[in-house]
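J.: Okay, so here is input_34.txt, and as you'll see once you scroll down, it has compact mmCIF, C-alpha atoms.
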```
# COMPACT_ATOMS: atom_id res chain seq x y z
CA MET A 1 0.00 0.00 0.00
CA LYS A 2 1.33 3.41 -0.95
CA ARG A 3 2.18 5.74 1.92
CA VAL A 4 3.43 9.33 2.01
CA ARG A 5 5.17 11.00 4.94
CA ILE A 6 4.45 14.68 5.52
CA ALA A 7 5.71 16.74 8.45
CA SER A 8 5.31 20.15 10.03
CA GLY A 9 8.31 22.49 9.87
CA ALA A 10 6.65 25.52 11.49
CA GLY A 11 3.30 26.26 13.09
CA PHE A 12 3.41 30.05 13.08
CA ALA A 13 5.48 32.97 11.81
CA GLY A 14 8.00 32.98 14.66
CA ASP A 15 8.33 29.25 15.29
CA ARG A 16 11.57 27.41 16.04
CA ILE A 17 13.66 25.87 13.27
CA GLU A 18 15.52 23.06 15.10
CA PRO A 19 12.70 20.45 15.05
CA ALA A 20 12.30 20.85 11.29
CA LEU A 21 16.03 20.48 10.70
CA GLU A 22 16.11 17.25 12.66
CA ILE A 23 13.21 15.81 10.67
CA ILE A 24 15.09 16.60 7.44
CA ARG A 25 18.41 15.23 8.72
CA GLN A 26 16.76 11.92 9.60
CA ASN A 27 15.00 11.62 6.22
CA ALA A 28 11.74 11.30 8.16
CA ALA A 29 9.49 13.04 5.61
CA ASP A 30 8.82 13.21 1.89
CA TYR A 31 7.22 16.64 2.25
CA ILE A 32 7.55 19.28 4.96
CA ILE A 33 5.25 22.28 5.38
CA PHE A 34 6.15 25.62 6.92
CA GLU A 35 2.85 27.26 7.93
CA CYS A 36 3.68 30.86 8.85
CA LEU A 37 0.63 33.05 8.20
CA ALA A 38 -2.12 34.38 10.45
CA GLU A 39 -4.92 36.82 9.69
CA ARG A 40 -2.97 39.92 10.70
CA THR A 41 0.40 38.59 9.54
CA ILE A 42 -0.33 39.07 5.86
CA ALA A 43 -1.87 42.52 6.40
CA LEU A 44 1.30 43.62 8.19
CA ALA A 45 3.34 42.07 5.37
CA GLN A 46 1.38 44.17 2.86
CA LYS A 47 2.29 47.28 4.84
CA CYS A 48 5.96 46.30 4.68
CA ARG A 49 5.71 45.85 0.92
CA MET A 50 4.06 49.26 0.54
CA LYS A 51 7.12 50.81 2.19
CA ASN A 52 9.62 48.64 0.30
CA SER A 53 8.56 46.67 -2.78
CA GLU A 54 11.37 44.16 -2.16
CA LEU A 55 9.83 43.09 1.17
CA GLY A 56 6.49 41.64 2.24
CA TYR A 57 7.51 38.01 2.75
CA ASN A 58 8.02 36.36 6.15
CA ALA A 59 10.77 38.10 8.09
CA LEU A 60 12.37 34.77 9.06
CA LEU A 61 12.42 33.36 5.52
CA ASP A 62 16.15 33.90 4.99
CA TYR A 63 16.95 32.62 8.49
CA ARG A 64 15.00 29.41 7.93
CA MET A 65 16.12 28.74 4.38
CA GLU A 66 19.79 29.39 5.16
CA LYS A 67 19.56 26.44 7.55
CA VAL A 68 17.21 24.19 5.57
CA ILE A 69 18.59 24.38 2.04
CA PRO A 70 22.14 23.09 2.74
CA LEU A 71 20.55 19.92 4.14
CA LEU A 72 18.76 19.20 0.86
CA LYS A 73 22.01 18.04 -0.77
CA GLU A 74 22.02 14.84 1.23
CA HIS A 75 18.44 14.80 2.51
CA PRO A 76 16.06 15.72 -0.32
CA VAL A 77 12.56 16.67 0.81
CA ARG A 78 9.95 18.77 -0.99
CA ILE A 79 9.10 21.97 0.84
CA ILE A 80 5.77 23.79 0.85
CA THR A 81 5.37 27.11 2.60
CA ASN A 82 3.18 30.20 2.78
CA MET A 83 6.16 32.30 3.90
CA GLY A 84 5.72 34.25 0.66
CA ALA A 85 2.98 36.21 2.46
CA ALA A 86 2.45 39.44 0.50
CA ASN A 87 5.39 38.91 -1.85
CA PRO A 88 5.84 35.24 -2.81
CA LYS A 89 7.82 36.01 -5.98
CA ASN A 90 10.50 37.88 -4.08
CA ALA A 91 10.50 35.18 -1.43
CA ALA A 92 11.20 32.60 -4.15
CA LYS A 93 13.97 34.80 -5.53
CA HIS A 94 15.67 34.90 -2.14
CA ILE A 95 15.32 31.14 -1.71
CA TYR A 96 16.92 30.55 -5.11
CA GLU A 97 19.83 32.86 -4.24
CA ILE A 98 20.41 30.82 -1.08
CA ALA A 99 20.24 27.61 -3.14
CA VAL A 100 22.84 28.89 -5.63
CA ARG A 101 25.21 29.85 -2.81
CA ASN A 102 24.93 26.27 -1.56
CA GLY A 103 25.57 24.64 -4.93
CA LEU A 104 21.92 23.75 -5.55
CA GLU A 105 21.27 25.92 -8.60
CA LYS A 106 19.14 23.15 -10.15
CA LEU A 107 16.60 23.41 -7.36
CA LYS A 108 13.19 24.24 -8.81
CA ILE A 109 11.16 26.83 -6.91
CA ALA A 110 7.52 27.51 -7.80
CA VAL A 111 5.33 30.45 -6.83
CA VAL A 112 1.57 30.20 -6.30
CA GLU A 113 -0.35 33.47 -6.63
CA GLY A 114 -3.94 34.61 -6.90
CA ASP A 115 -4.86 35.20 -3.27
CA ASP A 116 -4.28 38.98 -3.44
CA VAL A 117 -7.67 40.44 -4.44
CA LEU A 118 -7.15 44.03 -3.35
CA ASN A 119 -7.41 45.30 -6.94
CA ILE A 120 -10.95 43.90 -7.35
CA LEU A 121 -12.24 44.66 -3.87
CA GLU A 122 -14.36 47.63 -4.99
CA GLN A 123 -16.73 45.17 -6.69
CA PHE A 124 -17.63 43.87 -3.24
CA SER A 125 -18.19 47.19 -1.45
CA LYS A 126 -21.63 46.06 -0.25
CA ALA A 127 -20.43 42.67 1.00
CA GLU A 128 -21.31 42.05 4.62
CA ILE A 129 -18.44 42.01 7.11
CA MET A 130 -18.80 38.74 8.99
CA GLU A 131 -17.65 40.17 12.32
CA THR A 132 -19.87 43.27 12.40
CA GLY A 133 -22.65 42.86 9.85
CA LYS A 134 -21.73 46.22 8.31
CA PRO A 135 -21.00 46.66 4.58
CA LEU A 136 -17.37 46.59 3.46
CA ASP A 137 -17.54 50.21 2.29
CA SER A 138 -17.80 51.24 5.95
CA LEU A 139 -14.00 50.77 5.92
CA LYS A 140 -13.46 52.97 2.88
CA GLY A 141 -10.12 54.77 2.91
CA ARG A 142 -8.62 52.52 5.57
CA ILE A 143 -8.11 49.20 3.73
CA VAL A 144 -4.50 48.08 3.19
CA SER A 145 -4.86 44.46 2.08
CA ALA A 146 -7.32 41.83 0.90
CA ASN A 147 -6.34 38.18 0.58
CA ALA A 148 -8.52 35.22 -0.28
CA TYR A 149 -7.93 31.88 1.40
CA ILE A 150 -7.19 29.83 -1.70
CA GLY A 151 -6.87 26.05 -1.68
CA GLY A 152 -4.37 23.34 -2.52
CA GLN A 153 -4.79 23.07 -6.28
CA GLY A 154 -2.02 25.55 -7.05
CA ILE A 155 0.36 23.58 -4.84
CA SER A 156 -0.57 20.33 -6.57
CA LYS A 157 0.02 21.93 -9.97
CA ALA A 158 3.41 23.27 -8.86
CA LEU A 159 4.52 19.85 -7.64
CA GLU A 160 3.24 18.25 -10.83
CA ALA A 161 5.37 20.73 -12.80
CA GLY A 162 8.44 19.52 -10.90
CA ALA A 163 8.86 22.04 -8.07
CA ASP A 164 11.16 21.13 -5.21
CA ILE A 165 9.97 24.11 -3.17
CA VAL A 166 6.54 25.72 -3.41
CA VAL A 167 6.08 29.28 -2.09
CA THR A 168 2.59 30.69 -1.63
CA GLY A 169 0.77 33.65 -0.18
CA ARG A 170 -2.52 33.23 1.68
CA VAL A 171 -3.30 29.57 1.18
CA ALA A 172 -5.60 28.10 3.83
CA ASP A 173 -3.56 26.38 6.54
CA PRO A 174 -4.64 22.75 5.92
CA SER A 175 -4.44 23.27 2.15
CA LEU A 176 -0.63 23.20 2.36
CA THR A 177 -0.99 19.53 3.26
CA THR A 178 -3.92 18.92 0.92
CA GLY A 179 -1.94 20.23 -2.05
CA ALA A 180 0.93 17.84 -1.38
CA LEU A 181 -1.17 14.75 -0.69
CA MET A 182 -3.57 15.22 -3.61
CA TYR A 183 -0.55 15.39 -5.92
CA ALA A 184 1.29 12.52 -4.25
CA PHE A 185 -1.64 10.14 -4.65
CA GLY A 186 -2.68 11.43 -8.08
CA LYS A 187 -6.17 12.30 -6.85
CA SER A 188 -8.74 14.51 -8.59
CA TYR A 189 -10.10 17.55 -6.79
CA ASP A 190 -13.55 16.07 -7.41
CA ASP A 191 -12.76 13.34 -4.88
CA PHE A 192 -14.21 15.27 -1.97
CA ASP A 193 -14.10 12.39 0.48
CA PHE A 194 -10.34 11.97 0.02
CA ILE A 195 -9.80 15.73 0.21
CA GLY A 196 -11.65 15.75 3.54
CA LYS A 197 -9.17 13.22 4.88
CA THR A 198 -6.20 15.34 3.75
CA VAL A 199 -7.74 18.38 5.44
CA VAL A 200 -7.83 16.54 8.77
CA ALA A 201 -4.15 15.67 8.34
CA GLY A 202 -3.38 19.30 7.49
CA HIS A 203 -5.37 20.52 10.48
CA LEU A 204 -3.26 18.35 12.78
CA LEU A 205 0.01 19.54 11.23
CA GLU A 206 -0.74 23.24 10.80
CA CYS A 207 0.14 24.37 14.34
CA GLY A 208 3.33 22.39 14.75
CA ALA A 209 4.00 21.41 18.35
CA GLN A 210 0.44 22.07 19.50
CA VAL A 211 -0.32 18.43 18.64
CA THR A 212 2.91 17.07 20.14
CA GLY A 213 2.23 18.44 23.61
CA GLY A 214 3.19 22.10 23.34
CA TYR A 215 -0.13 23.84 23.88
CA TYR A 216 -1.46 20.79 25.71
CA ALA A 217 0.97 20.99 28.63
CA ASP A 218 -0.41 21.92 32.08
CA PRO A 219 1.97 20.84 34.89
CA GLY A 220 0.48 18.42 37.40
CA LYS A 221 -2.63 17.96 35.28
CA LYS A 222 -1.31 17.20 31.79
CA ASP A 223 2.40 16.60 32.08
CA VAL A 224 4.56 16.56 28.95
CA PRO A 225 8.16 15.27 28.99
CA ASP A 226 11.11 17.38 27.84
CA LEU A 227 9.01 20.24 26.52
CA TRP A 228 12.14 22.31 26.06
CA ARG A 229 13.03 20.16 23.05
CA VAL A 230 9.52 19.38 21.82
CA GLY A 231 9.41 17.69 18.42
CA PHE A 232 7.14 18.54 15.49
CA PRO A 233 4.50 16.14 14.14
CA ILE A 234 4.99 13.70 11.26
CA ILE A 235 2.07 12.05 9.46
CA ASN A 236 2.28 8.76 7.58
CA PHE A 237 -0.67 8.95 5.20
CA ASP A 238 -1.86 5.95 3.16
CA GLU A 239 -3.83 5.65 -0.07
CA THR A 240 -7.10 4.93 1.80
CA GLY A 241 -6.91 8.30 3.52
CA ASP A 242 -6.21 6.85 6.97
CA PHE A 243 -3.02 7.98 8.67
CA VAL A 244 -0.75 7.71 11.67
CA ILE A 245 0.67 10.74 13.45
CA SER A 246 3.92 10.60 15.43
CA LYS A 247 7.17 12.47 16.07
CA LEU A 248 10.87 11.66 16.12
CA PRO A 249 11.41 9.14 18.96
CA GLU A 250 14.24 11.07 20.62
CA SER A 251 12.49 14.44 20.56
CA GLY A 252 10.59 15.89 23.52
CA GLY A 253 6.85 16.21 23.88
CA CYS A 254 4.29 13.48 23.29
CA VAL A 255 1.68 12.32 20.80
CA THR A 256 -1.34 10.81 22.55
CA GLU A 257 -5.05 10.36 22.01
CA ALA A 258 -5.58 13.48 24.14
CA THR A 259 -3.09 15.75 22.31
CA VAL A 260 -4.55 14.72 18.96
CA LYS A 261 -8.15 15.26 20.07
CA GLU A 262 -7.34 18.70 21.45
CA GLN A 263 -5.80 19.78 18.16
CA LEU A 264 -8.69 18.27 16.18
CA LEU A 265 -11.08 20.55 18.09
CA TYR A 266 -8.89 23.62 17.65
CA GLU A 267 -10.83 26.40 15.84
CA ILE A 268 -13.64 23.98 14.98
CA GLN A 269 -17.21 25.28 15.31
CA ASP A 270 -19.29 22.55 13.64
CA PRO A 271 -17.28 19.30 13.42
CA SER A 272 -19.54 18.02 10.64
CA GLN A 273 -18.96 21.10 8.49
CA TYR A 274 -15.40 22.38 8.59
CA ILE A 275 -15.34 24.70 5.58
CA THR A 276 -12.10 25.01 3.64
CA PRO A 277 -11.45 26.28 0.10
CA ASP A 278 -11.07 22.70 -1.17
CA VAL A 279 -13.87 20.87 0.60
CA VAL A 280 -16.35 20.87 3.46
CA ALA A 281 -14.64 18.39 5.78
CA ASP A 282 -16.53 16.18 8.21
CA PHE A 283 -14.77 15.48 11.51
CA SER A 284 -17.82 13.97 13.23
CA GLU A 285 -16.97 10.28 12.67
CA ILE A 286 -13.22 10.49 13.24
CA ARG A 287 -11.71 7.79 15.41
CA VAL A 288 -8.45 8.41 17.28
CA GLN A 289 -6.51 5.51 18.77
CA GLU A 290 -3.09 5.17 20.38
CA ILE A 291 -1.31 2.26 18.70
CA GLY A 292 2.11 2.69 20.30
CA LYS A 293 4.28 5.13 22.19
CA ASP A 294 3.84 8.59 20.62
CA THR A 295 1.95 6.95 17.75
CA VAL A 296 -1.73 7.62 17.09
CA SER A 297 -3.94 6.44 14.23
CA VAL A 298 -6.66 8.66 12.79
CA THR A 299 -9.48 7.18 10.71
CA GLY A 300 -13.02 8.05 9.67
CA ALA A 301 -12.57 11.55 8.23
CA ALA A 302 -14.79 12.47 5.31
CA GLY A 303 -15.66 15.37 3.01
CA ARG A 304 -18.25 16.72 0.62
CA SER A 305 -18.39 19.32 -2.13
CA GLU A 306 -16.75 22.66 -1.47
CA THR A 307 -18.66 25.93 -1.20
CA GLN A 308 -18.76 28.42 -4.07
CA THR A 309 -17.11 31.23 -2.11
CA TYR A 310 -13.72 32.09 -0.71
CA LYS A 311 -13.26 33.76 2.63
CA VAL A 312 -11.28 36.99 2.25
CA SER A 313 -9.33 38.65 5.07
CA VAL A 314 -9.37 42.40 4.65
CA GLY A 315 -6.71 44.28 6.60
CA TYR A 316 -7.53 47.86 7.56
CA GLU A 317 -6.01 50.65 9.62
CA ASP A 318 -7.79 50.89 12.97
CA GLY A 319 -6.06 53.66 14.88
CA TYR A 320 -3.36 53.35 17.52
CA ILE A 321 -2.93 51.64 20.87
CA GLY A 322 -0.87 53.37 23.50
CA THR A 323 0.21 51.48 26.60
CA GLY A 324 1.93 52.32 29.86
CA GLU A 325 2.98 49.89 32.59
CA ILE A 326 4.43 50.27 36.08
CA SER A 327 5.14 47.76 38.89
CA TYR A 328 4.53 47.81 42.66
CA GLY A 329 5.95 45.27 45.11
CA GLY A 330 5.99 44.35 48.79
CA ILE A 331 3.54 45.10 51.57
CA ASN A 332 0.37 46.89 50.47
CA CYS A 333 1.33 46.68 46.79
CA VAL A 334 -2.23 45.87 45.70
CA ALA A 335 -3.67 48.94 47.43
CA ARG A 336 -1.04 51.12 45.78
CA ALA A 337 -1.84 49.59 42.40
CA GLU A 338 -5.53 50.23 42.95
CA LEU A 339 -4.77 53.87 43.81
CA THR A 340 -2.74 54.10 40.60
CA ALA A 341 -5.72 52.83 38.62
CA GLU A 342 -7.94 55.48 40.27
CA ILE A 343 -5.45 58.23 39.42
CA LEU A 344 -5.25 57.16 35.79
CA GLU A 345 -9.04 57.00 35.49
CA LYS A 346 -9.31 60.59 36.74
CA ARG A 347 -6.46 61.85 34.55
CA PHE A 348 -8.09 60.50 31.40
CA GLU A 349 -11.47 62.05 32.13
CA GLU A 350 -10.04 65.29 30.73
CA ILE A 351 -9.32 63.80 27.30
CA SER A 352 -12.03 61.11 27.22
CA ASN A 353 -13.49 62.60 24.03
CA ARG A 354 -10.28 61.65 22.18
CA ILE A 355 -10.13 58.08 23.53
CA LEU A 356 -11.97 55.39 21.58
CA GLU A 357 -11.36 52.70 24.21
CA LYS A 358 -9.54 52.53 27.54
CA ARG A 359 -8.62 49.69 29.85
CA ILE A 360 -6.72 49.57 33.13
CA ASP A 361 -5.58 46.19 34.46
CA ILE A 362 -3.71 45.10 37.53
CA ILE A 363 -1.68 42.20 36.16
CA GLY A 364 -1.73 39.35 38.69
CA ILE A 365 -5.12 40.40 40.03
CA ASN A 366 -7.64 41.16 37.32
CA SER A 367 -6.01 41.43 33.88
CA LEU A 368 -7.48 38.13 32.64
CA TYR A 369 -10.64 37.60 34.70
CA LYS A 370 -11.37 41.12 36.03
CA ASP A 371 -12.79 40.62 39.55
CA ALA A 372 -14.20 37.12 39.13
CA LEU A 373 -11.36 35.38 41.02
CA LYS A 374 -10.14 38.25 43.17
CA GLN A 375 -11.66 37.03 46.46
CA SER A 376 -10.15 33.55 46.12
CA LEU A 377 -6.59 34.80 45.69
CA SER A 378 -4.14 35.53 48.50
CA GLU A 379 -2.31 38.86 48.55
CA PRO A 380 0.46 38.80 45.90
CA VAL A 381 3.91 40.19 46.62
CA GLU A 382 4.11 42.09 43.35
CA VAL A 383 1.73 43.45 40.73
CA ARG A 384 1.94 45.49 37.56
CA VAL A 385 -0.52 48.15 36.45
CA ARG A 386 -1.19 48.33 32.72
CA LEU A 387 -3.01 51.17 31.01
CA ALA A 388 -4.05 50.77 27.37
CA VAL A 389 -5.91 53.26 25.21
CA ARG A 390 -7.04 53.10 21.60
CA THR A 391 -7.08 56.37 19.71
CA GLU A 392 -7.35 57.71 16.20
CA THR A 393 -4.01 59.55 16.34
CA GLU A 394 -0.52 58.58 17.40
CA SER A 395 -0.10 61.72 19.51
CA ASP A 396 -3.16 60.89 21.63
CA ALA A 397 -1.93 57.30 22.06
CA LYS A 398 1.31 58.61 23.56
CA GLU A 399 -0.66 60.09 26.45
CA ALA A 400 -0.83 56.64 28.05
CA GLY A 401 2.93 56.37 28.39
CA ARG A 402 3.33 59.96 29.57
CA GLU A 403 0.73 59.58 32.32
CA VAL A 404 2.23 56.34 33.60
CA GLU A 405 5.76 57.74 33.64
CA ALA A 406 4.53 60.75 35.62
CA LEU A 407 3.58 58.39 38.44
CA TYR A 408 7.25 58.11 39.39
CA THR A 409 7.08 61.35 41.38
CA ASN A 410 3.34 62.00 41.50
CA GLY A 411 2.55 58.86 43.45
CA PRO A 412 1.79 56.46 44.82
CA ALA A 413 5.00 55.32 46.51
CA GLY A 414 7.31 52.64 45.25
CA GLY A 415 6.49 52.48 41.54
CA GLY A 416 9.18 51.15 39.24
CA GLY A 417 9.94 49.67 35.85
CA ALA A 418 7.73 52.04 33.90
CA ARG A 419 7.50 51.26 30.22
CA SER A 420 5.42 52.56 27.33
CA SER A 421 4.71 51.82 23.67
CA VAL A 422 2.56 52.94 20.77
CA THR A 423 1.36 50.51 18.12
CA HIS A 424 -0.30 51.27 14.79
CA ILE A 425 -3.24 48.88 14.64
CA ILE A 426 -4.13 46.75 11.65
CA SER A 427 -7.44 45.00 12.20
CA ILE A 428 -9.08 42.27 10.13
CA ALA A 429 -12.52 42.14 8.55
CA SER A 430 -13.79 38.98 6.83
CA ILE A 431 -16.06 38.77 3.79
CA LEU A 432 -17.07 36.08 1.28
CA ILE A 433 -16.59 36.47 -2.46
CA ASP A 434 -17.56 34.24 -5.37
CA LYS A 435 -14.77 31.89 -6.43
CA ARG A 436 -15.20 32.94 -10.06
CA TYR A 437 -13.41 36.21 -9.29
CA VAL A 438 -10.25 34.52 -7.98
CA HIS A 439 -7.71 33.01 -10.40
CA THR A 440 -4.85 30.89 -9.08
CA GLU A 441 -1.60 30.93 -11.07
CA VAL A 442 1.62 28.98 -10.74
CA PHE A 443 5.00 30.25 -11.94
CA LEU A 444 7.98 27.94 -12.37
CA GLU A 445 11.18 28.68 -14.29
CA GLY A 446 9.52 31.19 -16.61
CA GLU A 447 6.46 29.01 -17.21
CA LYS A 448 3.00 30.14 -16.12
CA TYR A 449 0.26 27.63 -15.30
CA GLU A 450 -3.41 28.56 -14.93
CA VAL A 451 -4.95 26.42 -12.21
CA ILE A 452 -8.61 27.40 -12.31
```
Would you mind writing the file out in structure tokens?

T.:
Amino acid sequence: MKRVRIASGAGFAGDRIEPALEIIRQNAADYIIFECLAERTIALAQKCRMKNSELGYNALLDYRMEKVIPLLKEHPVRIITNMGAANPKNAAKHIYEIAVRNGLEKLKIAVVEGDDVLNILEQFSKAEIMETGKPLDSLKGRIVSANAYIGGQGISKALEAGADIVVTGRVADPSLTTGALMYAFGKSYDDFDFIGKTVVAGHLLECGAQVTGGYYADPGKKDVPDLWRVGFPIINFDETGDFVISKLPESGGCVTEATVKEQLLYEIQDPSQYITPDVVADFSEIRVQEIGKDTVSVTGAAGRSETQTYKVSVGYEDGYIGTGEISYGGINCVARAELTAEILEKRFEEISNRILEKRIDIIGINSLYKDALKQSLSEPVEVRVRLAVRTETESDAKEAGREVEALYTNGPAGGGGARSSVTHIISIASILIDKRYVHTEVFLEGEKYEVI
């Protein structure tokens, strides 16, 4: 029976590189995916590209590829990544330059494009924003990016054309895996049941160490061994669509029925209808079973026809957030922190008309749960007051830092470690657009392939 091994090399933009390198060194995968995009990540990448047309790809692309590519001489593995973000062509150019420096000038690098729909967004000005119910044109003048979550077909086409490395923009997270597996098994994108199975595999791989114990760990309740050297997941996928998930035996972390089930439920609203660009996957009949140490089988996934729309993440400018923080320690520190909060509330009454939102937290007391747990906690020995304001202008946002710093001499006693920052906010709005308006293209060595 044919089997294909596919592994995770990154679960988010700033993930570690060492687990991926070890998987490659041990020839433990045929394909490895680097999933490095989130909703805001690509909007911020678009802003970088607006300032410098050479940029817009993942900031750690060079760092990762400088370490990965030299290994490909002796340990060939096909790489699929969305590190291209807002500029996949330039990302591919940089990867090729690294390959040439390492004597791998014959390495074939493909680019998948089509997710950037900013230039056609005006056609959808009346589209409803999923988060607010307002029309898209309510954001007029503030939009900086618009990227559709495209599927795996472009990746499959790139691999079919001979790509060793596939670089994409905003491809849906599980579609990185779907694209590889659909190609590897020679499957048609009309085989929705098989696609559904690949989506489940991709969903388990997409967050890296979350499924090998990383986000599962809770000392004394859910203990995970050697988390400091946690390994990344590897899936052994067979031609029936069933698969086994594991990790390198000597790596830290664990793969258990519980870690797999937790990741299966991650970001899932209706398990019977997990909507992706490629298919509506059905998780409801999945069976998870431990079959050995750090080895879990997953069966029973299914899928049915995809929807006729793509989800589009629209990045827009949403003002500024100004923060100020200061610490209090020792006897009576909570009372002093509470007095600080009262002072800051009064100080901001004078400029409340210029503040869109304001929040004051006492970290260690109420920053996560407000006052819900306050009575059950003993007096801490140190706390930190955090003031955050959201404003339309940068100058108003700076008021937060100035007011907190003024507490040094204006009381209460014993404040220290004051710190402030101002952040330009890019928020995300989601809409749906008809798939007919989105055209996926693959570029490889001067050749252009139309996918849809």

J.: Enter the distance from atom CA of A:Val166 to atom CA of A:Ala110, in Å, rounded to one decimal.

T.: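 That distance, rounded to one decimal, is 4.8 Å.
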
J.: Using all atoms listed in the file, which protein or nucleic acid residues come within 8 Å of A:Val260? Drop anything in the same chain fewer than 3 positions from it, and give the result as a list in words.

T.: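 My reading of the contact set: Leu204, Val211, Thr212, Val255, Thr256, Glu257, Gln263, Leu264, Val288 and Val296 of chain A.
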
J.: Just the selected residues (C-alpha atoms), exported as an mmCIF file, keeping the file's coordinate frame, please.

T.:
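Below is the file out.cif, written as the result:
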```
data_model
loop_
_atom_site.group_PDB
_atom_site.id
_atom_site.type_symbol
_atom_site.label_atom_id
_atom_site.label_comp_id
_atom_site.auth_asym_id
_atom_site.auth_seq_id
_atom_site.Cartn_x
_atom_site.Cartn_y
_atom_site.Cartn_z
ATOM 1 C CA LEU A 204 -3.260 18.350 12.780
ATOM 2 C CA VAL A 211 -0.320 18.430 18.640
ATOM 3 C CA THR A 212 2.910 17.070 20.140
ATOM 4 C CA VAL A 255 1.680 12.320 20.800
ATOM 5 C CA THR A 256 -1.340 10.810 22.550
ATOM 6 C CA GLU A 257 -5.050 10.360 22.010
ATOM 7 C CA GLN A 263 -5.800 19.780 18.160
ATOM 8 C CA LEU A 264 -8.690 18.270 16.180
ATOM 9 C CA VAL A 288 -8.450 8.410 17.280
ATOM 10 C CA VAL A 296 -1.730 7.620 17.090
#
```

J.: Measuring between only C-alpha atoms, which one of A:His94, A:Lys134, A:Lys157, A:Arg304 shows the shortest distance to A:Asp190?

T.: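 Residue with the minimum atom-to-atom distance to A:Asp190: A:Arg304.
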
J.: Could you tell me, as a list in words, which residues have any atom at most 12 Å from (3.9, 39.2, 37.0), counting only C-alpha atoms?

T.: Glu325, Ile326, Ser327, Tyr328, Gly329, Ile362, Ile363, Gly364, Ile365, Asn366, Ser367, Pro380, Val381, Glu382, Val383, Arg384, Val385 and Arg386 of chain A

J.: Take the residues just selected and output them with C-alpha atoms as an mmCIF file, in the coordinates of the input.

T.:
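Final output, saved to selection-v4.cif:
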```cif
data_model
loop_
_atom_site.group_PDB
_atom_site.id
_atom_site.type_symbol
_atom_site.label_atom_id
_atom_site.label_comp_id
_atom_site.auth_asym_id
_atom_site.auth_seq_id
_atom_site.Cartn_x
_atom_site.Cartn_y
_atom_site.Cartn_z
ATOM 1 C CA GLU A 325 2.980 49.890 32.590
ATOM 2 C CA ILE A 326 4.430 50.270 36.080
ATOM 3 C CA SER A 327 5.140 47.760 38.890
ATOM 4 C CA TYR A 328 4.530 47.810 42.660
ATOM 5 C CA GLY A 329 5.950 45.270 45.110
ATOM 6 C CA ILE A 362 -3.710 45.100 37.530
ATOM 7 C CA ILE A 363 -1.680 42.200 36.160
ATOM 8 C CA GLY A 364 -1.730 39.350 38.690
ATOM 9 C CA ILE A 365 -5.120 40.400 40.030
ATOM 10 C CA ASN A 366 -7.640 41.160 37.320
ATOM 11 C CA SER A 367 -6.010 41.430 33.880
ATOM 12 C CA PRO A 380 0.460 38.800 45.900
ATOM 13 C CA VAL A 381 3.910 40.190 46.620
ATOM 14 C CA GLU A 382 4.110 42.090 43.350
ATOM 15 C CA VAL A 383 1.730 43.450 40.730
ATOM 16 C CA ARG A 384 1.940 45.490 37.560
ATOM 17 C CA VAL A 385 -0.520 48.150 36.450
ATOM 18 C CA ARG A 386 -1.190 48.330 32.720
#
```

J.: Calculate how many Å separate atom CA of A:Val298 from atom CA of A:Ile17, rounding to one decimal.

T.: 26.6 Å

J.: Which value, in Å to one decimal, gives the distance between atom CA of A:Gly14 and atom CA of A:Glu35?

T.: 10.2 Å

J.: Restricting the calculation to all atoms listed in the file, which member of A:His75, A:Arg25, A:Lys126, A:Lys47 is positioned closest to A:Val144?

T.: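 Between A:His75, A:Arg25, A:Lys126, A:Lys47, the residue approaching A:Val144 most closely is A:Lys47.
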
J.: Using all atoms listed in the file, which of the listed residues (A:Arg142, A:Arg170, A:Arg419, A:Lys67) sits closest to A:Arg40?

T.: A:Arg170

J.: Would you list the contacts of A:Val404 as a PyMOL selection string, taking every protein, DNA or RNA residue within 10 Å and counting only C-alpha atoms, but skipping same-chain residues closer than 2 positions in sequence?

T.: chain A and resi 323-326+340+343-344+385-387+399-402+406-408+410+415+418-420

J.: For the residues in that selection, give me C-alpha atoms as an mmCIF file, in the frame of the given file.

T.:
```cif
data_model
loop_
_atom_site.group_PDB
_atom_site.id
_atom_site.type_symbol
_atom_site.label_atom_id
_atom_site.label_comp_id
_atom_site.auth_asym_id
_atom_site.auth_seq_id
_atom_site.Cartn_x
_atom_site.Cartn_y
_atom_site.Cartn_z
ATOM 1 C CA THR A 323 0.210 51.480 26.600
ATOM 2 C CA GLY A 324 1.930 52.320 29.860
ATOM 3 C CA GLU A 325 2.980 49.890 32.590
ATOM 4 C CA ILE A 326 4.430 50.270 36.080
ATOM 5 C CA THR A 340 -2.740 54.100 40.600
ATOM 6 C CA ILE A 343 -5.450 58.230 39.420
ATOM 7 C CA LEU A 344 -5.250 57.160 35.790
ATOM 8 C CA VAL A 385 -0.520 48.150 36.450
ATOM 9 C CA ARG A 386 -1.190 48.330 32.720
ATOM 10 C CA LEU A 387 -3.010 51.170 31.010
ATOM 11 C CA GLU A 399 -0.660 60.090 26.450
ATOM 12 C CA ALA A 400 -0.830 56.640 28.050
ATOM 13 C CA GLY A 401 2.930 56.370 28.390
ATOM 14 C CA ARG A 402 3.330 59.960 29.570
ATOM 15 C CA ALA A 406 4.530 60.750 35.620
ATOM 16 C CA LEU A 407 3.580 58.390 38.440
ATOM 17 C CA TYR A 408 7.250 58.110 39.390
ATOM 18 C CA ASN A 410 3.340 62.000 41.500
ATOM 19 C CA GLY A 415 6.490 52.480 41.540
ATOM 20 C CA ALA A 418 7.730 52.040 33.900
ATOM 21 C CA ARG A 419 7.500 51.260 30.220
ATOM 22 C CA SER A 420 5.420 52.560 27.330
#
```
